[in-house]
>>> print(open('target-v3.cif').read())   # mmCIF, C-alpha atoms
data_data
loop_
_atom_site.label_atom_id
_atom_site.label_comp_id
_atom_site.auth_asym_id
_atom_site.auth_seq_id
_atom_site.Cartn_x
_atom_site.Cartn_y
_atom_site.Cartn_z
CA MET F 1 114.08 -13.69 40.56
CA ILE F 2 114.33 -10.34 42.29
CA ARG F 3 112.69 -7.50 40.36
CA LEU F 4 113.73 -3.90 40.90
CA TRP F 5 110.82 -1.45 40.75
CA ILE F 6 111.61 2.17 39.85
CA THR F 7 109.57 5.17 38.77
CA TYR F 8 108.96 6.18 35.15
CA GLN F 9 111.19 9.22 35.53
CA GLN F 10 114.04 7.21 37.05
CA LEU F 11 113.83 4.60 34.30
CA GLU F 12 113.81 7.26 31.58
CA GLU F 13 116.90 8.92 33.01
CA LEU F 14 118.57 5.52 33.40
CA VAL F 15 118.00 4.63 29.73
CA VAL F 16 119.34 7.94 28.45
CA ARG F 17 122.31 7.88 30.77
CA SER F 18 123.19 4.29 29.89
CA LEU F 19 123.09 5.07 26.16
CA VAL F 20 125.40 8.00 26.79
CA HIS F 21 127.86 5.78 28.65
CA LEU F 22 127.62 3.03 26.03
CA LEU F 23 128.27 5.30 23.06
CA TYR F 24 130.85 7.42 24.85
CA GLY F 25 132.78 4.25 25.56
CA CYS F 26 132.64 3.35 21.87
CA TYR F 27 134.01 6.80 21.02
CA ILE F 28 136.90 6.46 23.46
CA PHE F 29 137.85 3.03 22.08
CA SER F 30 137.53 3.99 18.42
CA SER F 31 139.74 7.04 19.04
CA GLY F 32 142.52 4.69 20.13
CA VAL F 33 142.38 5.52 23.84
CA ALA F 34 143.46 2.57 25.98
CA GLY F 35 141.84 1.77 29.29
CA ASP F 36 138.94 0.01 30.85
CA ILE F 37 135.79 2.01 30.25
CA SER F 38 133.45 -0.58 31.68
CA GLN F 39 131.75 1.02 34.68
CA THR F 40 128.34 1.00 36.30
CA LEU F 41 125.83 3.81 36.08
CA ASN F 42 126.41 4.58 39.74
CA GLU F 43 127.62 8.17 39.78
CA ASN F 44 129.96 7.37 42.66
CA ALA F 45 131.57 4.36 40.94
CA GLU F 46 135.36 4.43 40.83
CA VAL F 47 137.02 4.96 37.45
CA LYS F 48 139.11 1.98 36.36
CA GLU F 49 142.88 2.37 36.67
CA GLY F 50 143.40 1.70 32.94
CA MET F 51 141.52 4.83 31.80
CA PRO F 52 143.72 7.88 31.25
CA LYS F 53 143.06 10.80 33.54
CA GLY F 54 142.25 13.10 30.64
CA ASP F 55 139.36 10.87 29.59
CA ARG F 56 137.90 10.82 33.08
CA GLU F 57 137.53 14.58 32.96
CA ALA F 58 136.16 14.87 29.42
CA HIS F 59 133.73 17.76 29.18
CA PRO F 60 130.25 16.93 27.81
CA ASP F 61 130.72 19.51 25.06
CA ASP F 62 133.70 17.51 23.74
CA LEU F 63 131.71 14.30 23.33
CA PRO F 64 129.98 13.33 20.07
CA PRO F 65 126.21 13.89 20.28
CA ILE F 66 123.84 10.95 20.51
CA VAL F 67 120.97 11.26 18.02
CA LEU F 68 117.82 9.25 18.85
CA VAL F 69 115.78 8.53 15.71
CA HIS F 70 112.16 7.44 16.14
CA GLY F 71 110.25 4.72 14.32
CA PHE F 72 106.84 4.28 12.71
CA PHE F 73 104.34 7.04 13.62
CA GLY F 74 107.13 8.96 15.36
CA PHE F 75 106.98 9.93 19.02
CA GLY F 76 103.55 11.47 18.50
CA PRO F 77 101.85 12.63 21.71
CA PHE F 78 104.71 11.20 23.76
CA ALA F 79 107.00 13.99 22.55
CA LYS F 80 104.98 16.67 24.28
CA GLY F 81 102.09 17.23 26.63
CA ARG F 82 100.79 15.14 29.51
CA LEU F 83 101.83 11.75 28.12
CA SER F 84 105.54 12.57 27.86
CA ALA F 85 106.22 10.82 31.19
CA LEU F 86 105.37 7.50 29.50
CA SER F 87 108.24 7.81 27.03
CA HIS F 88 111.88 6.85 27.52
CA VAL F 89 112.98 9.35 24.88
CA ALA F 90 110.57 12.31 25.11
CA GLY F 91 112.48 15.23 26.57
CA ALA F 92 115.76 13.30 26.62
CA GLU F 93 117.56 16.26 25.05
CA GLN F 94 116.54 18.36 28.05
CA LYS F 95 118.11 15.89 30.46
CA ASP F 96 121.45 15.63 28.66
CA GLN F 97 122.97 18.20 26.30
CA ARG F 98 124.73 15.40 24.38
CA VAL F 99 121.38 13.95 23.25
CA ILE F 100 119.47 15.16 20.17
CA VAL F 101 115.92 13.92 19.49
CA PRO F 102 114.72 14.87 15.97
CA ASP F 103 111.02 14.90 15.13
CA LEU F 104 110.90 13.54 11.57
CA GLY F 105 107.93 12.70 9.40
CA SER F 106 106.04 9.81 10.99
CA LEU F 107 104.66 8.32 7.76
CA THR F 108 107.25 9.55 5.28
CA SER F 109 109.44 7.05 3.47
CA VAL F 110 112.83 5.96 4.78
CA TYR F 111 114.49 7.95 1.98
CA ASP F 112 112.65 11.18 2.83
CA ARG F 113 113.30 10.76 6.56
CA ALA F 114 117.03 10.34 5.95
CA ARG F 115 117.07 13.60 3.96
CA GLU F 116 115.12 15.35 6.72
CA LEU F 117 117.53 14.07 9.37
CA PHE F 118 120.56 15.46 7.53
CA TYR F 119 119.18 19.00 7.38
CA TYR F 120 117.80 18.76 10.90
CA LEU F 121 121.36 18.27 12.13
CA LYS F 122 123.33 20.32 9.62
CA GLY F 123 120.86 23.13 8.95
CA GLY F 124 119.39 24.67 5.80
CA GLN F 125 116.32 23.94 3.71
CA ILE F 126 115.35 20.29 3.31
CA ASP F 127 116.10 19.16 -0.25
CA TYR F 128 114.49 15.83 -1.15
CA GLY F 129 116.35 15.74 -4.47
CA GLU F 130 115.06 16.84 -7.87
CA ASP F 131 114.81 13.41 -9.51
CA HIS F 132 113.23 11.74 -6.50
CA SER F 133 110.72 14.54 -6.01
CA LYS F 134 109.59 14.46 -9.64
CA ALA F 135 109.26 10.67 -9.63
CA CYS F 136 107.19 10.69 -6.44
CA GLY F 137 105.08 13.75 -7.20
CA HIS F 138 105.97 16.02 -4.29
CA SER F 139 107.80 19.30 -3.74
CA GLN F 140 111.57 19.20 -3.91
CA PHE F 141 112.05 21.47 -0.91
CA GLY F 142 110.71 21.32 2.63
CA PRO F 143 111.01 23.36 5.84
CA ILE F 144 114.05 25.49 6.60
CA TYR F 145 116.24 24.98 9.66
CA LYS F 146 117.88 28.40 10.11
CA ARG F 147 120.40 26.77 12.37
CA GLY F 148 120.99 23.05 12.52
CA HIS F 149 120.97 21.20 15.81
CA TYR F 150 124.61 20.19 15.19
CA PRO F 151 125.92 22.54 12.45
CA GLU F 152 129.59 21.62 13.03
CA TRP F 153 128.83 18.02 12.04
CA ASP F 154 131.59 16.56 9.84
CA GLU F 155 134.22 13.83 9.90
CA ASP F 156 136.09 15.58 12.73
CA HIS F 157 132.85 16.04 14.67
CA PRO F 158 130.98 12.75 14.18
CA VAL F 159 127.77 11.58 15.82
CA HIS F 160 126.38 8.42 17.33
CA LEU F 161 123.04 7.41 15.81
CA VAL F 162 120.51 5.35 17.77
CA GLY F 163 117.59 4.15 15.64
CA TYR F 164 114.43 2.66 17.06
CA SER F 165 112.39 0.31 14.81
CA VAL F 166 112.32 1.78 11.28
CA GLY F 167 114.60 4.55 12.57
CA ALA F 168 117.45 2.02 12.40
CA GLN F 169 116.96 1.73 8.64
CA VAL F 170 116.71 5.52 8.35
CA VAL F 171 120.16 6.04 9.87
CA ARG F 172 121.64 3.37 7.56
CA VAL F 173 120.22 5.16 4.53
CA LEU F 174 121.60 8.45 5.85
CA GLN F 175 125.07 6.95 6.22
CA GLN F 176 124.94 5.64 2.65
CA MET F 177 123.86 9.09 1.43
CA LEU F 178 126.83 10.62 3.24
CA ALA F 179 129.16 8.10 1.59
CA ASP F 180 127.62 8.80 -1.82
CA LYS F 181 127.85 12.60 -1.30
CA ALA F 182 124.16 12.83 -2.08
CA PHE F 183 123.55 16.30 -0.60
CA LYS F 184 123.95 19.20 -3.00
CA GLY F 185 126.41 21.76 -1.70
CA TYR F 186 128.05 19.25 0.68
CA GLU F 187 130.70 17.52 -1.40
CA ASN F 188 132.87 16.62 1.61
CA THR F 189 130.47 14.21 3.32
CA SER F 190 131.54 10.65 4.07
CA GLU F 191 130.37 7.62 5.99
CA ASN F 192 132.85 8.58 8.73
CA TRP F 193 130.57 11.41 9.83
CA ILE F 194 128.88 8.62 11.80
CA LEU F 195 130.92 7.00 14.55
CA SER F 196 128.49 4.27 15.56
CA ILE F 197 124.99 3.00 14.85
CA THR F 198 122.90 1.34 17.53
CA SER F 199 119.64 -0.36 16.59
CA LEU F 200 116.80 -0.92 19.05
CA SER F 201 114.35 -3.45 17.55
CA GLY F 202 115.48 -2.25 14.13
CA ALA F 203 113.58 -2.99 10.91
CA PHE F 204 116.48 -4.09 8.73
CA ASN F 205 114.76 -6.77 6.68
CA GLY F 206 111.08 -5.85 6.75
CA THR F 207 108.19 -7.42 8.62
CA THR F 208 105.33 -9.80 7.83
CA ARG F 209 103.15 -7.46 9.91
CA THR F 210 102.76 -5.31 6.80
CA TYR F 211 101.02 -8.13 4.92
CA LEU F 212 98.67 -8.81 7.82
CA ASP F 213 97.71 -5.13 7.89
CA GLY F 214 97.12 -4.87 4.15
CA MET F 215 100.22 -4.76 1.96
CA ARG F 216 100.10 -7.17 -0.97
CA PRO F 217 102.61 -10.00 -0.45
CA GLU F 218 102.99 -10.38 -4.22
CA ASP F 219 105.13 -7.27 -4.58
CA GLY F 220 105.20 -5.41 -1.25
CA ARG F 221 104.21 -2.15 -2.95
CA LYS F 222 100.41 -1.87 -3.17
CA LEU F 223 97.54 -2.14 -0.70
CA LYS F 224 94.75 -4.70 -0.70
CA ARG F 225 91.37 -3.20 -1.54
CA ILE F 226 89.91 -3.89 1.90
CA CYS F 227 92.29 -3.78 4.85
CA LEU F 228 93.30 -1.86 7.96
CA LEU F 229 95.84 0.21 6.04
CA GLN F 230 93.14 1.44 3.66
CA LEU F 231 91.37 3.01 6.63
CA CYS F 232 94.67 4.52 7.70
CA ARG F 233 95.24 5.88 4.19
CA ILE F 234 91.82 7.55 4.00
CA GLY F 235 92.17 9.02 7.49
CA VAL F 236 95.60 10.49 6.77
CA ILE F 237 94.49 12.05 3.47
CA ILE F 238 91.46 13.70 5.08
CA TYR F 239 93.54 14.83 8.08
CA ASP F 240 96.12 16.51 5.84
CA TRP F 241 93.47 17.94 3.50
CA PHE F 242 91.63 19.79 6.27
CA ASP F 243 95.01 21.19 7.35
CA ILE F 244 93.91 22.36 10.81
CA SER F 245 96.93 24.26 12.07
CA TRP F 246 96.56 23.70 15.83
CA LEU F 247 95.95 19.99 15.26
CA LYS F 248 98.94 19.59 12.95
CA ASN F 249 101.10 21.47 15.43
CA TYR F 250 100.24 18.73 17.91
CA TYR F 251 100.71 15.84 15.48
CA ASN F 252 101.93 15.91 11.89
CA PHE F 253 102.29 12.85 9.65
CA GLY F 254 105.13 14.62 7.82
CA LEU F 255 103.52 14.59 4.38
CA ASP F 256 103.35 18.36 3.87
CA HIS F 257 105.69 18.18 0.86
CA PHE F 258 102.89 16.33 -0.99
CA ASN F 259 100.76 19.50 -0.75
CA MET F 260 97.55 17.69 0.17
CA SER F 261 96.02 20.72 1.93
CA TRP F 262 92.65 21.99 0.64
CA LYS F 263 94.37 25.32 0.06
CA LYS F 264 96.57 23.78 -2.63
CA MET F 265 94.62 20.90 -4.18
CA GLY F 266 90.95 21.71 -3.60
CA ILE F 267 88.10 19.19 -3.80
CA ARG F 268 89.31 17.66 -7.07
CA GLY F 269 92.73 16.97 -5.56
CA LEU F 270 91.13 15.32 -2.54
CA VAL F 271 89.10 13.02 -4.80
CA ASN F 272 92.24 12.09 -6.78
CA CYS F 273 94.08 11.20 -3.59
CA LEU F 274 91.20 9.14 -2.22
CA LEU F 275 90.93 7.28 -5.55
CA GLY F 276 94.64 6.49 -5.41
CA ASN F 277 95.65 8.65 -8.38
CA ALA F 278 97.87 11.11 -6.49
CA GLY F 279 99.70 11.56 -3.21
CA PRO F 280 102.17 9.41 -1.28
CA PHE F 281 99.98 6.32 -1.32
CA ALA F 282 99.79 6.40 -5.12
CA SER F 283 103.53 6.84 -5.67
CA GLY F 284 104.53 4.44 -2.89
CA ASP F 285 106.68 7.13 -1.26
CA TRP F 286 105.58 6.41 2.30
CA ILE F 287 106.78 4.19 5.08
CA LEU F 288 104.82 0.93 4.69
CA PRO F 289 106.31 -0.16 1.32
CA ASP F 290 109.75 0.23 2.91
CA LEU F 291 108.71 -2.08 5.75
CA THR F 292 107.72 -5.03 3.55
CA ILE F 293 110.32 -7.72 3.02
CA GLN F 294 110.55 -6.82 -0.68
CA GLY F 295 110.85 -3.11 0.10
CA SER F 296 113.62 -3.72 2.61
CA ILE F 297 115.49 -5.83 0.08
CA ARG F 298 115.23 -2.99 -2.44
CA LEU F 299 116.73 -0.62 0.15
CA ASN F 300 119.39 -3.03 1.37
CA HIS F 301 120.59 -3.62 -2.16
CA HIS F 302 122.24 -0.18 -2.04
CA LEU F 303 123.26 -0.03 1.64
CA HIS F 304 126.67 -0.99 2.99
CA THR F 305 128.14 -1.81 6.37
CA PHE F 306 131.22 0.41 6.53
CA PRO F 307 134.62 -0.71 7.87
CA ASN F 308 135.20 2.25 10.21
CA THR F 309 131.79 2.36 11.90
CA TYR F 310 130.74 0.42 15.00
CA TYR F 311 127.38 -1.37 14.73
CA PHE F 312 125.24 -2.70 17.58
CA SER F 313 121.71 -4.11 17.58
CA TYR F 314 119.17 -5.25 20.15
CA ALA F 315 116.57 -7.65 18.73
CA THR F 316 113.37 -8.44 20.65
CA ARG F 317 110.96 -11.39 20.63
CA ARG F 318 107.87 -12.55 22.43
CA THR F 319 107.59 -16.12 21.17
CA TRP F 320 108.86 -19.51 22.26
CA LYS F 321 109.73 -22.55 20.18
CA ILE F 322 108.88 -25.98 21.58
CA LEU F 323 109.56 -29.08 19.48
CA GLY F 324 109.83 -26.90 16.40
CA ILE F 325 106.45 -25.21 16.98
CA THR F 326 106.28 -21.46 17.66
CA PHE F 327 104.09 -20.40 20.57
CA HIS F 328 103.01 -17.01 21.81
CA SER F 329 104.79 -16.34 25.10
CA PHE F 330 101.56 -15.62 26.97
CA MET F 331 103.13 -16.38 30.31
CA LEU F 332 105.50 -13.44 29.95
CA ARG F 333 104.57 -9.82 30.49
CA ILE F 334 103.53 -8.18 27.23
CA HIS F 335 101.79 -4.98 26.33
CA PRO F 336 98.09 -5.74 25.69
CA VAL F 337 98.16 -3.85 22.40
CA LEU F 338 100.65 -6.38 21.03
CA PHE F 339 99.25 -9.59 22.54
CA LEU F 340 97.17 -10.67 19.52
CA ARG F 341 99.67 -9.21 17.07
CA VAL F 342 102.40 -11.54 18.31
CA LEU F 343 100.07 -14.50 17.82
CA GLN F 344 99.08 -13.34 14.34
CA MET F 345 102.66 -12.94 13.21
CA SER F 346 103.70 -16.32 14.58
CA GLN F 347 100.96 -17.92 12.47
CA TRP F 348 101.71 -15.99 9.24
CA ARG F 349 102.19 -18.07 6.10
CA HIS F 350 103.25 -16.63 2.76
CA PRO F 351 100.53 -17.26 0.14
CA PRO F 352 101.48 -20.31 -1.94
CA ASP F 353 100.29 -18.63 -5.15
CA ALA F 354 102.62 -15.62 -4.66
CA SER F 355 106.32 -15.61 -5.45
CA PRO F 356 108.46 -15.70 -2.28
CA PRO F 357 110.19 -12.40 -1.43
CA TYR F 358 113.64 -13.95 -1.83
CA LYS F 359 115.26 -17.23 -2.80
CA GLY F 360 115.28 -19.65 0.12
CA TYR F 361 112.41 -17.99 1.99
CA ARG F 362 110.88 -20.17 4.74
CA ASP F 363 107.86 -19.26 6.87
CA GLU F 364 109.38 -20.79 9.99
CA ASP F 365 112.30 -18.33 9.87
CA TRP F 366 109.86 -15.44 10.29
CA GLN F 367 107.68 -16.78 13.12
CA ASP F 368 109.65 -15.38 16.06
CA ASN F 369 108.54 -11.78 16.58
CA ASP F 370 107.84 -9.00 19.08
CA GLY F 371 104.37 -8.03 17.86
CA ALA F 372 105.56 -5.55 15.24
CA LEU F 373 108.76 -6.94 13.72
CA ASN F 374 110.12 -10.41 13.09
CA THR F 375 113.19 -11.22 15.15
CA ILE F 376 115.08 -12.38 12.05
CA SER F 377 114.70 -8.85 10.71
CA MET F 378 116.17 -7.10 13.74
CA THR F 379 119.57 -8.68 14.32
CA HIS F 380 121.43 -7.34 11.26
CA PRO F 381 120.98 -6.75 7.50
CA ARG F 382 120.47 -10.16 5.89
CA PHE F 383 118.83 -9.78 2.49
CA PRO F 384 119.75 -9.72 -0.37
CA ILE F 385 123.28 -10.03 1.05
CA GLU F 386 124.04 -10.95 4.65
CA HIS F 387 126.32 -8.46 6.37
CA PRO F 388 129.03 -9.47 8.87
CA SER F 389 127.52 -10.11 12.29
CA ARG F 390 128.05 -11.77 15.63
CA VAL F 391 125.34 -12.77 18.09
CA VAL F 392 126.60 -12.03 21.58
CA ALA F 393 125.29 -13.79 24.68
CA GLN F 394 128.24 -13.76 27.10
CA ASP F 395 131.48 -11.88 27.61
CA SER F 396 133.45 -14.81 26.29
CA ASP F 397 131.55 -14.70 22.99
CA CYS F 398 133.36 -11.55 21.97
CA GLU F 399 137.04 -11.01 22.66
CA LEU F 400 137.65 -8.06 20.36
CA LEU F 401 135.30 -5.30 19.34
CA GLN F 402 135.78 -4.47 15.68
CA PRO F 403 134.17 -1.90 13.40
CA GLY F 404 132.28 -3.12 10.36
CA ILE F 405 130.54 -5.96 12.24
CA TRP F 406 127.01 -6.01 13.64
CA TYR F 407 127.12 -7.11 17.31
CA CYS F 408 123.65 -8.48 18.06
CA LYS F 409 121.86 -9.12 21.34
CA ILE F 410 118.46 -10.87 21.47
CA ILE F 411 116.21 -9.82 24.35
CA GLU F 412 112.92 -11.35 25.47
CA GLY F 413 110.44 -8.49 25.18
CA ASP F 414 107.83 -6.89 22.95
CA HIS F 415 108.24 -3.93 20.60
CA ILE F 416 107.23 -1.17 23.00
CA PRO F 417 109.50 -0.98 26.12
CA PHE F 418 112.52 0.49 24.31
CA PHE F 419 110.75 3.82 24.04
CA MET F 420 107.69 3.65 26.30
CA ASN F 421 107.25 2.44 29.86
CA PRO F 422 103.68 1.47 30.65
CA GLY F 423 104.90 -0.85 33.40
CA LYS F 424 105.47 -3.74 30.99
CA ALA F 425 109.18 -3.55 30.25
CA GLY F 426 110.24 -6.19 32.75
CA GLY F 427 113.60 -7.46 33.93
CA PRO F 428 115.22 -8.45 30.61
CA PHE F 429 115.50 -4.82 29.57
CA ASP F 430 117.89 -4.21 32.44
CA LEU F 431 120.42 -5.80 30.08
CA ILE F 432 120.58 -2.56 28.16
CA HIS F 433 122.21 -0.98 31.22
CA ASP F 434 124.82 -3.71 31.53
CA THR F 435 125.33 -4.37 27.85
CA ILE F 436 127.37 -7.00 26.11
CA PHE F 437 128.98 -4.24 24.06
CA GLU F 438 130.38 -2.59 27.16
CA ARG F 439 131.81 -5.92 28.26
CA CYS F 440 133.34 -6.37 24.80
CA ARG F 441 135.09 -3.04 25.16
CA LYS F 442 136.36 -4.19 28.52
CA HIS F 443 137.96 -7.25 26.92
CA VAL F 444 139.50 -5.10 24.20
CA SER F 445 141.02 -2.58 26.60
CA THR F 446 142.26 -5.36 28.87
CA LYS F 447 144.09 -6.95 25.96
CA LYS F 448 145.56 -3.60 24.96
CA ASP F 449 146.75 -2.99 28.51
CA SER F 450 148.42 -6.38 28.65
CA ALA F 451 150.06 -5.99 25.24
#
>>> encode(input="target-v3.cif", output="structure tokens")
Amino acid sequence: MIRLWITYQQLEELVVRSLVHLLYGCYIFSSGVAGDISQTLNENAEVKEGMPKGDREAHPDDLPPIVLVHGFFGFGPFAKGRLSALSHVAGAEQKDQRVIVPDLGSLTSVYDRARELFYYLKGGQIDYGEDHSKACGHSQFGPIYKRGHYPEWDEDHPVHLVGYSVGAQVVRVLQQMLADKAFKGYENTSENWILSITSLSGAFNGTTRTYLDGMRPEDGRKLKRICLLQLCRIGVIIYDWFDISWLKNYYNFGLDHFNMSWKKMGIRGLVNCLLGNAGPFASGDWILPDLTIQGSIRLNHHLHTFPNTYYFSYATRRTWKILGITFHSFMLRIHPVLFLRVLQMSQWRHPPDASPPYKGYRDEDWQDNDGALNTISMTHPRFPIEHPSRVVAQDSDCELLQPGIWYCKIIEGDHIPFFMNPGKAGGPFDLIHDTIFERCRKHVSTKKDSA
């Protein structure tokens, strides 16, 4: 196999540019424009004869923005500073004016992130909702965006949303909020404000990684007394309590609305948080409960796949199955941080004395993984109700691209290369630049041309 070696900067630009082409093609098709939009990323490639001349000359300002939504822990140091060259997405908005990269709370719940994302784009003061804020014990209002990053956003000016990891669940919650008109003062929102959703290793159905790190498998809400996540909890509380401005300007966990600063809660408040009587870890309004299988089911119970939106997903895995036994794919290139995590997840067994997270649960279904998420979780929403989907492997597998269906592609790779390039991404991720979805659009336009 011939491997193409390119620099970090070239790969970063290639990823951003390919996403732009992929989602722009979806926009052209969904707007009813006939023509073959399948083309390579070569800037000198000829435009297919089937594409109308007007579409060839579309100005970037006329195209729907592409919003890249981060996952667990956010972009962190990769969003700024010396390490930004390691990230596929850091600085992407500077390379292409059609790309928006929000910096949302890294440990905040899926619900809170979705609210933050709305106001980040539309503008105004973040409103987490009165009932939700009271129930979770935090302030109702957050920072103010004097001008949104896409203030004209509405049904006539939709966006493409690309969610990485838990970011995929965030954009689904946001779309449901738009459909439910959940934002006070914005009674005209609808699910059609979003043209397409693309998931990169998306956490649709939770992950068994949460139980290995310390979430209780009995309910998926509380932490074990001694576990890795307890250390994380204590560290985050102390970090936010000291409230060192220059440090939080560099990295913020996004929990400021819980008012855990020493200026607001004092020593007594710190003790209450550490004892688990107050704060996000007491109320469960943080990201880990949403990443358990039970938590994802609770979210999915209210989330829909809408008939006018295009849905795509890339699922990753770093395991093999031989004679029904799941093995760690040690012979393949994998980031060293995830090597043992893949092995741990492939050996996970739900405790026999705890109720299974859903009817029909089987350990073997959850063994394939990428070191952070189980592959079964990434293809499409499955629990408690399975949403329409189609796994795509070849052009012939998909003759007509339709909205309201999750088109899924499974790629051999770990959880990191979609957003970071430490030299471990490997050849399979070239598929993102020659995607099955683009080929599906080619089949659709060909059929239209021949009709």
>>> residues_around(input="target-v3.cif", residues="Leu68 in chain F", least_positions_apart="6", cutoff="8 Å", atoms="only C-alpha atoms", output="PyMOL selection string")
chain F and resi 89+99-102+161-164
>>> residues_around(input="target-v3.cif", residues="Leu178 in chain F", least_positions_apart="4", cutoff="6 Å", atoms="only C-alpha atoms", output="PyMOL selection string")
chain F and resi 189-191
>>> atom_distance(input="target-v3.cif", atom1="CA of Thr316 in chain F", atom2="CA of Arg298 in chain F")
23.8 Å
>>> closest_residue(input="target-v3.cif", among="F:Thr379, F:Asn369, F:Asn249, F:Thr208", to="His350 in chain F", atoms="all atoms listed in the file")
F:Thr208
>>> closest_residue(input="target-v3.cif", among="F:Ser201, F:Gly167, F:Phe183, F:Leu63", to="Tyr128 in chain F", atoms="only C-alpha atoms")
F:Phe183
>>> atom_distance(input="target-v3.cif", atom1="CA of Tyr358 in chain F", atom2="CA of Gln344 in chain F")
21.8 Å
>>> closest_atom_pairs(input="target-v3.cif", of="range 186-223 of chain F", to="range 110-123 of chain F", cutoff="12 Å", atoms="all atoms listed in the file", output="JSON lines")
{"residue": "F:Tyr186", "atom": "CA", "partner": "F:Lys122", "partner_atom": "CA", "distance": 10.2}
{"residue": "F:Thr189", "atom": "CA", "partner": "F:Phe118", "partner_atom": "CA", "distance": 10.8}
{"residue": "F:Trp193", "atom": "CA", "partner": "F:Phe118", "partner_atom": "CA", "distance": 11.0}
{"residue": "F:Ile194", "atom": "CA", "partner": "F:Phe118", "partner_atom": "CA", "distance": 11.6}
{"residue": "F:Ala203", "atom": "CA", "partner": "F:Val110", "partner_atom": "CA", "distance": 10.9}
{"residue": "F:Phe204", "atom": "CA", "partner": "F:Val110", "partner_atom": "CA", "distance": 11.4}
>>> residues_around(input="target-v3.cif", residues="Gln367 in chain F", least_positions_apart="2", cutoff="7 Å", atoms="all atoms listed in the file", output="list in words")
Thr326, Met345, Ser346, Gln347, Asp363, Glu364, Asp365, Asn369 and Asn374 of chain F
>>> atom_distance(input="target-v3.cif", atom1="CA of Val171 in chain F", atom2="CA of Gly129 in chain F")
17.7 Å
>>> residues_around(input="target-v3.cif", residues="range 229-238 of chain F", least_positions_apart="6", cutoff="10 Å", atoms="all atoms listed in the file", output="list of chain:residue names")
F:Leu107, F:Thr210, F:Tyr211, F:Leu212, F:Asp213, F:Gly214, F:Met215, F:Leu223, F:Asn252, F:Phe253, F:Leu255, F:Met260, F:Ser261, F:Trp262, F:Leu270, F:Val271, F:Cys273, F:Leu274, F:Leu275, F:Gly276, F:Gly279, F:Pro280, F:Phe281, F:Leu288
>>> residues_around(input="target-v3.cif", residues="Glu386 in chain F", least_positions_apart="5", cutoff="10 Å", atoms="all atoms listed in the file", output="ChimeraX atom specification")
/F:300,380-381
>>> decode(input="target-v3.cif", residues="range 127-136 of chain F", atoms="N, CA, C and O atoms", output="PDB file, in the first residue's frame")
ATOM      1  N   ASP F 127     -28.834  32.185  27.958  1.00  0.00           N
ATOM      2  CA  ASP F 127     -29.932  31.899  28.883  1.00  0.00           C
ATOM      3  C   ASP F 127     -30.066  30.386  28.981  1.00  0.00           C
ATOM      4  O   ASP F 127     -30.478  29.726  28.027  1.00  0.00           O
ATOM      5  N   TYR F 128     -29.707  29.833  30.135  1.00  0.00           N
ATOM      6  CA  TYR F 128     -29.770  28.383  30.314  1.00  0.00           C
ATOM      7  C   TYR F 128     -31.189  27.895  30.622  1.00  0.00           C
ATOM      8  O   TYR F 128     -31.409  26.684  30.702  1.00  0.00           O
ATOM      9  N   GLY F 129     -32.115  28.813  30.790  1.00  0.00           N
ATOM     10  CA  GLY F 129     -33.489  28.447  31.101  1.00  0.00           C
ATOM     11  C   GLY F 129     -33.742  28.485  32.595  1.00  0.00           C
ATOM     12  O   GLY F 129     -32.943  27.971  33.380  1.00  0.00           O
ATOM     13  N   GLU F 130     -34.856  29.104  32.997  1.00  0.00           N
ATOM     14  CA  GLU F 130     -35.138  29.299  34.417  1.00  0.00           C
ATOM     15  C   GLU F 130     -35.320  27.974  35.152  1.00  0.00           C
ATOM     16  O   GLU F 130     -34.717  27.752  36.211  1.00  0.00           O
ATOM     17  N   ASP F 131     -36.150  27.095  34.624  1.00  0.00           N
ATOM     18  CA  ASP F 131     -36.432  25.829  35.314  1.00  0.00           C
ATOM     19  C   ASP F 131     -35.184  24.966  35.421  1.00  0.00           C
ATOM     20  O   ASP F 131     -34.892  24.393  36.480  1.00  0.00           O
ATOM     21  N   HIS F 132     -34.455  24.861  34.326  1.00  0.00           N
ATOM     22  CA  HIS F 132     -33.238  24.044  34.329  1.00  0.00           C
ATOM     23  C   HIS F 132     -32.205  24.600  35.308  1.00  0.00           C
ATOM     24  O   HIS F 132     -31.585  23.838  36.062  1.00  0.00           O
ATOM     25  N   SER F 133     -32.044  25.899  35.322  1.00  0.00           N
ATOM     26  CA  SER F 133     -31.044  26.520  36.188  1.00  0.00           C
ATOM     27  C   SER F 133     -31.371  26.306  37.660  1.00  0.00           C
ATOM     28  O   SER F 133     -30.482  26.015  38.474  1.00  0.00           O
ATOM     29  N   LYS F 134     -32.643  26.442  38.015  1.00  0.00           N
ATOM     30  CA  LYS F 134     -33.040  26.222  39.406  1.00  0.00           C
ATOM     31  C   LYS F 134     -32.833  24.768  39.805  1.00  0.00           C
ATOM     32  O   LYS F 134     -32.362  24.473  40.907  1.00  0.00           O
ATOM     33  N   ALA F 135     -33.185  23.851  38.923  1.00  0.00           N
ATOM     34  CA  ALA F 135     -33.063  22.424  39.232  1.00  0.00           C
ATOM     35  C   ALA F 135     -31.606  22.009  39.402  1.00  0.00           C
ATOM     36  O   ALA F 135     -31.306  21.121  40.213  1.00  0.00           O
ATOM     37  N   CYS F 136     -30.708  22.656  38.664  1.00  0.00           N
ATOM     38  CA  CYS F 136     -29.303  22.256  38.683  1.00  0.00           C
ATOM     39  C   CYS F 136     -28.443  23.145  39.568  1.00  0.00           C
ATOM     40  O   CYS F 136     -27.252  22.881  39.741  1.00  0.00           O
TER      41      CYS F 136
END
